[in-house]
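**Q** I'd like to ask you about the structure that follows.
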Protein chains: 2
Amino acid sequence: MSLLVVGSVAFDEVETPFGKCDKMLGGSASHFSISASYFTDVRLVAVVGGDFGPEEQNVFESHHIDISDLERISDGETFRWGGRYEYDLNVAHTLYTHLNVFADFKPKLSEAAKTSRLLFLGNIQPDLQREVRQQMPNAELVALDTMNLWIGATRESLQKTIECVDVMIINDAEARQLTEIPNLIKAARQILSWGPKALVVKRGEYGAALFTKEDYFAIPAYPLESVFDPTGAGDTFAGGFMGYLSSQPQLDEAAMRRAMIFGSVMASFNVEEFGTDRVRRLTAKEINDRFRSFKQMTHFEEIPFERGS
Amino acid sequence: MSLLVVGSVAFDEVETPFGKCDKMLGGSASHFSISASYFTDVRLVAVVGGDFGPEEQNVFESHHIDISDLERISDGETFRWGGRYEYDLNVAHTLYTHLNVFADFKPKLSEAAKTSRLLFLGNIQPDLQREVRQQMPNAELVALDTMNLWIGATRESLQKTIECVDVMIINDAEARQLTEIPNLIKAARQILSWGPKALVVKRGEYGAALFTKEDYFAIPAYPLESVFDPTGAGDTFAGGFMGYLSSQPQLDEAAMRRAMIFGSVMASFNVEEFGTDRVRRLTAKEINDRFRSFKQMTHFEEIPFERGS
């Protein structure tokens with residue numbers, strides 16, 4: 001039961017209609033690993049600068065996340081991202097992106113890291129994702145995230161990376177952009193034809209869908225009356241999804257369906273407060289209560305219609 | 001077991017990227033009643049002109065829809081609507097609306113019609129909807145549809161109508177427009193506070209949601225690789241929803257949830273061909289097979305997470 005994540009650790013500055021936060025722990029690997037830590041043992045590969053201090057280190061350590069493969073460049077600065085959300089919280093407006101030490105990030109996997117059972121390739125340059133993947137030929141399940149930037153700029157490399165993973169996890173706009181097919185169902189079939197066994201499509205307030213060669217599973221989002229800060233929701237979803245799978249002996253369709261729910265549960269908590277604030281202090285009971293809510297809000301009796309006389 | 005629908009019968013001219021149809025049977029009452037006819041006895045109140053001929057009459061009669069309350073104005077013309085869809089089939093571009101005999105429509109209910117157990121107030125002027133509703137004080141369940149036109153032009157009257165129905169069935173854009181609240185969950189709470197026991201929100205390719213005072217139920221849409229003509233999908237959904245309820249002895253939350261599925265099933269068939277073409281020739285087996293698909297694509301096991309040692 002072990003899960004490796006390769007991605008970014010960052011400091012985010014975020015402004016929403018409801019508030020502002022100058023410097024909070026962010027980045028795909030942070031959101032992912034904190035979320036996954038509720039389900040499994042997580043090991044993180046990323047890079048940070050000298051501004052990554054004991055406070056940040058403590059966030060990971062208190063969640064038993066193994067950061068022995070976290071590279072530290074003491075004379076550099078950690079990746080920084082600034083963004084603003086309008087009332088339509090679906091769209092992030094990037095104010096600045098300072099890659100800093102992340103610009104030259106070359107993931108280095110220790111021998112211990114390479115033995116992880118599951119691997120999540122967070123949103124980084126697809127050549128790097130593929131290099132990591134090739135160092136772990138025995139991983140039981142490898143999942144991949146990406147973003148519009150890589151789809152636009154490095155399409156060929158991205159496609160090669162997609163060909164060598166088991167699960168792709170993206171949002172619906174990315175699925176359409178990647179395939180240039182407007183119909184999501186057709187787009188999903190296309191992506192699956194490139195190699196992955198499963199495609200997870202995140203649809204924000206509309207929920208999420210799991211496409212496999214033979215099956216289709218779809219769930220609504222948890223109904224939230226207010227969304228405070230959506231930053232990191234996608235990585236938090238992926239963390240719940242992969243973290244739960246990592247805890248399961250069998251990685252079959254039934255486990256993947258439950259993993260979709262746990263991913264949605266974690267993402268629904270993530271957006272309630274700034275950054276990782278809400279997810280950091282979750283309890284197992286809170287997670288399971290919300291899991292049960294998903295069952296409650298999607299259940300109906302299977303009674304076919306029969307016309308009486 | 002009887003269901004009354006008041007609405008429009010029309011001839012539609014529709015152009016989509018996949019084809020063109022000059023004159024097909026349409027209108028809210030047509031789509032609704034044909035869909036509902038698979039589940040229950042339906043009676044229709046609407047108005048047509050002299051151009052409504054034996055062919056159209058036969059469509060209703062072959063589905064055992066009672067059209068004895070269908071008003072005929074032989075020297076007038078039936079309501080005509082022309083519309084065009086681009087590749088984004090979510091948006092209908094109206095080319096023309098000729099109200100014709102529908103402009104002076106005053107629904108007249110026979111004594112037999114007034115004894116119907118369930119009533120669906122299709123999308124007509126809200127004063128007329130309320131007049132019909134008041135003629136059926138003993139109806140066990142009354143549902144209401146509307147559209148952006150009435151929300152904009154007759155908001156006060158519409159709100160009065162909403163106050164005296166049991167179920168409102170609208171799409172998500174209409175729910176937001178009606179309440180001026182961008183968050184759908186909050187918007188739904190607001191509408192329920194005006195009186196209805198239940199609110200059904202149709203979300204097109206994203207499925208549908210059922211809000212009640214105590215409960216929330218949400219389902220995805222049936223995954224279609226191609227949508228041919230979305231005209232009438234909303235009324236076809238309402239027909240499946242109300243038709244199924246009409247067949248049930250108890251109109252409780254469990255029945256409403258199954259009704260949501262049958263509504264979605266019927267709407268998913270509707271968009272596969274022009275107008276009512278596909279829904280007209282459905283079989284009970286096709287309907288139940290798709291109902292089962294909905295169970296299959298939303299089911300997951302309720303196994304809470306427990307962390308091992």
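Numbering starts fresh at 1 for the residues of each chain in the structure tokens, the chains themselves are lettered A, B, ... in the order given, and ligands are numbered from 1 as they appear.
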Any idea what's packed within 6 Å of segment 227-230 of chain A, counting only C-alpha atoms, ignoring anything in its chain fewer than 4 positions away? Could you give it as an mmCIF file with all heavy atoms, in the first residue's frame?
**A**
data_model
loop_
_atom_site.group_PDB
_atom_site.id
_atom_site.type_symbol
_atom_site.label_atom_id
_atom_site.label_comp_id
_atom_site.auth_asym_id
_atom_site.auth_seq_id
_atom_site.Cartn_x
_atom_site.Cartn_y
_atom_site.Cartn_z
ATOM 1 N N VAL A 271 -12.869 22.820 -1.718
ATOM 2 C CA VAL A 271 -13.339 24.134 -2.181
ATOM 3 C C VAL A 271 -14.025 24.937 -1.084
ATOM 4 O O VAL A 271 -14.402 26.091 -1.290
ATOM 5 C CB VAL A 271 -14.290 24.000 -3.398
ATOM 6 C CG1 VAL A 271 -13.588 23.258 -4.538
ATOM 7 C CG2 VAL A 271 -15.598 23.303 -3.030
ATOM 8 N N GLU A 272 -14.175 24.355 0.096
ATOM 9 C CA GLU A 272 -14.869 25.063 1.180
ATOM 10 C C GLU A 272 -14.026 26.144 1.848
ATOM 11 O O GLU A 272 -14.559 27.025 2.514
ATOM 12 C CB GLU A 272 -15.343 24.066 2.250
ATOM 13 C CG GLU A 272 -16.498 23.194 1.776
ATOM 14 C CD GLU A 272 -16.986 22.228 2.852
ATOM 15 O OE1 GLU A 272 -16.432 22.231 3.966
ATOM 16 O OE2 GLU A 272 -17.925 21.480 2.557
ATOM 17 N N GLU A 273 -12.688 26.029 1.729
ATOM 18 C CA GLU A 273 -11.813 27.035 2.347
ATOM 19 C C GLU A 273 -10.610 27.290 1.435
ATOM 20 O O GLU A 273 -10.469 26.658 0.404
ATOM 21 C CB GLU A 273 -11.334 26.556 3.729
ATOM 22 C CG GLU A 273 -12.476 26.446 4.731
ATOM 23 C CD GLU A 273 -12.009 25.993 6.116
ATOM 24 O OE1 GLU A 273 -10.815 26.179 6.446
ATOM 25 O OE2 GLU A 273 -12.847 25.449 6.858
ATOM 26 N N PHE A 274 -9.753 28.209 1.835
ATOM 27 C CA PHE A 274 -8.562 28.523 1.043
ATOM 28 C C PHE A 274 -7.602 27.339 0.980
ATOM 29 O O PHE A 274 -7.360 26.666 1.995
ATOM 30 C CB PHE A 274 -7.812 29.704 1.661
ATOM 31 C CG PHE A 274 -8.215 31.029 1.100
ATOM 32 C CD1 PHE A 274 -8.565 32.083 1.934
ATOM 33 C CD2 PHE A 274 -8.253 31.246 -0.271
ATOM 34 C CE1 PHE A 274 -8.938 33.315 1.416
ATOM 35 C CE2 PHE A 274 -8.620 32.470 -0.793
ATOM 36 C CZ PHE A 274 -8.964 33.505 0.057
#
**Q** Determine which residues of segment 125-227 of chain A receive a DSSP assignment of alpha helix (DSSP H), computed from the backbone, and state them as a ChimeraX atom specification.
**A** /A:126-134,148-153,155-163,172-179,184-193
**Q** Give me the residues within 6 Å of Leu3 of chain B as a list in words, counting only C-alpha atoms and dropping any in the same chain fewer than 2 places off.
**A**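 Returned residues: Val42, Ser116, Leu118 and Leu119 of chain B.
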**Q** Need to verify the contact set: Leu128 of chain A, 9 Å, only C-alpha atoms, exclusion of same-chain residues closer than 6 positions in sequence. Can you return it as a PyMOL selection string?
**A** chain A and resi 105-107
**Q** Give me every strand (DSSP E) residue in segment 82-261 of chain B, going by DSSP on the backbone, as a ChimeraX atom specification.
**A** /B:82-85,92-98,118-121,141-144,167-171,198-202,208-212,216-219
**Q** Using only C-alpha atoms, determine which residues lie at most 12 Å from Arg257 of chain B, disregarding the query and same-chain residues fewer than 3 positions distant; provide the list as a ChimeraX atom specification.
**A** /A:296-303 /B:198-200,208-212,215-219,240-242,244-245,251-254,260-264,291,294-295
**Q** Would you pick out the contacts of segment 20-25 of chain B at 8 Å or less, using only C-alpha atoms, so that residues sharing its chain but fewer than 5 positions from it are not included, and give the list as a list in words?
**A**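 Here the qualifying residues turn out to be Val9, Ala10, Phe11, Asp12, Glu13, Val14, Glu15, Ser30, Glu56, Phe274, Gly275 and Thr276 of chain B.
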**Q** Between A:Asn123, A:Thr94, A:Thr40, A:Ser226, which residue has the minimum interatomic distance to Ile169 of chain A, considering only C-alpha atoms?
**A** A:Asn123
**Q** Could you give me, as a list in words, the residues within 12 Å of Ile181 of chain B, counting only C-alpha atoms and dropping anything in the same chain fewer than 2 positions from it?
**A**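 Near neighbours after the sequence-gap exclusion: Tyr87, Asp88, Glu225 and Ser226 of chain A; Asp172, Ala173, Glu174, Ala175, Arg176, Gln177, Leu178, Thr179, Asn183, Leu184, Ile185, Lys186, Ala187, Ala188, Arg189, Gln190 and Ile191 of chain B.
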**Q** Using only C-alpha atoms for the distances, tell me which of A:Asp145, A:Glu71, A:Glu205, A:Glu131 is nearest to chain B.
**A** A:Glu205
